[in-house]
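To start, the structure itself, in structure tokens.
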Amino acid sequence: MSDKQNHDNEEQDFREIEIQPKEADKQNKDDDTDYEEICYVCRRPESRAGKLINMPGGLHICSDCMQKAFDSFEKSGLQYSDLMKMTSMPPGMTFQDPSQMQIPKKQKIKRKKEEGAPGFDLKTIPHPHEMKARLDEYVVGQESAKKAISVAVYNHYKRVAADPSDGIEIEKSNLLMIGPTGSGKTYLVKTLARLLDVPLAIADATSLTEAGYIGDDIESVVSKLLAAADNDVEKAERGIIFIDEIDKIAKKKNTNTRDVSGESVQQELLKLLEGSTVEVPVGGSSKNMMVPMTTVNTNNILFICGGAFPDLEDIIRERLNQKSAIGFQSELRMQKGEGENLLSQVTVDDLRQFGMIPEFLGRLPIIVTLETLTADYLVRILTEPKNAIVKQYQKLLRMDEVDLQFEPEALTQIARLALEKKTGARALRAIIEGFMQDIMYEIPKDNNIGSVTITEDYINKKGGPVIGFRGLSVM
């Protein structure tokens, strides 16, 4: 009886072994239908090249490349019928064994949804007041900038979801963010993209050059967005591209050489900002024969450009002082103490004088300015946001069962030191890393330490932190 049971169990195990590969094959087949094959020659996906011809060795070639191959044979004096009758290759002509060819791996290019499929759902995008309230949890200050960005982003995605059948087409409004270094331009965009759960690509304008020169082509910024969307073209076409250091592509003054990284880059960015269909490499930053290509429509991609624009305040100050009267009874338009936030008074003419071309500025109709961070703002940045630097170090020491506290005077002194560096909020972490290094090194040595208080004297290197031991009073 036991032998029969063992035999039945073996048959059941054998049936399970037979069924599992079939289910796995079916799963792999379903996964393959989500992606497209690539032409081995031109690297175009099937949606752009048309139906592909299956060749021996697992190769796929489009009809255009196949026709080009036949045309090359005809130009050499050979006919296709003669080629089929040939038993040996002519001198200088060889065919490579398909098994020896480097067959490209299946590229994960998502197929676009068919017409009639559900489109973009505006209900997933929070309202402007909700968006700003969530930004307030991570970004301190910059109230006008957060409000302007929230409204602009919400209107942009309403435009994406709008029905164009009524003949009213809403134009795209890209953003230009102007603010001193360390004021939170990049951090605002990163936080916004995380809250909206949309793909975000951050590009540096300093690396962009005109096509044909050493550097990144303009299409590389779209290729980064496609990579952030896991090569899903439809998802990428609703993403956000942030081009930082946009002030570095201003027109060069007093130069006799070709401006390949200045005005030329602005000219080539026009088509992306306004909305066009561009061909971008998939999984790479450069176009070559070994990288597949796909097309992306930038019409629904929100572009946000940001820059510090140094010396722009001097241009604004000069404009405001031009109409000042001269005489005993006159008053200067720029009185002492004014101009602390001159960037808020920027105009398109000021940006044109800085070196930005009118066509480029016309495609960035929304100009958002960020305020210079004061000492009070820096103290709030240290403690108030959800992921504030002080909270991060408190969490690190809490894992060692140690309570970390900062005296108010110590926080104020840290803010003063950060202002002296003139790099905005970026200086805060560098300063805290400096004086916290010894504490993070010494605390794990003694298990009796229960609390550490950072004092102003310790920040000024005139004393040490206040150490408290478990079960004892603070020493």
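Labels used: A, B, ... for chains in the order of the structure tokens, numbers from 1 for residues in each chain, and numbers from 1 for ligands as shown.
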
Close residues, A:Val139 itself excluded, 9 Å, only C-alpha atoms, min 3 positions apart in chain, as a ChimeraX atom specification: /A:134-136,142,146,184,187-188,191,381,384-386

Tell me which protein, DNA and RNA residues are within 6 Å of A:Arg43, counting only C-alpha atoms, leaving out same-chain ones fewer than 4 positions away, and put them as a PyMOL selection string. chain A and resi 38-39+292

Do a neighbour search on A:Asn448 at 7 Å with only C-alpha atoms, toss out local chain neighbours closer than 2 positions, and write the hits as a PyMOL selection string. chain A and resi 446+450+469-470

Give me, as a PyMOL selection string, all polymer residues having an atom no more than 7 Å from A:Met293, counting only C-alpha atoms and skipping those fewer than 5 positions away in the same chain. chain A and resi 43-44+279-282

A:Pro199, A:Gly424, A:Pro358, A:Pro128: which is nearest A:Lys235, counting only C-alpha atoms?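 Between A:Pro199, A:Gly424, A:Pro358, A:Pro128, the residue approaching A:Lys235 most closely is A:Pro199.
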
According to DSSP computed on the backbone, where in stretch 189-223 of chain A is there strand (DSSP E)? Give the residues as an NGL selection string. :A and (200-204)
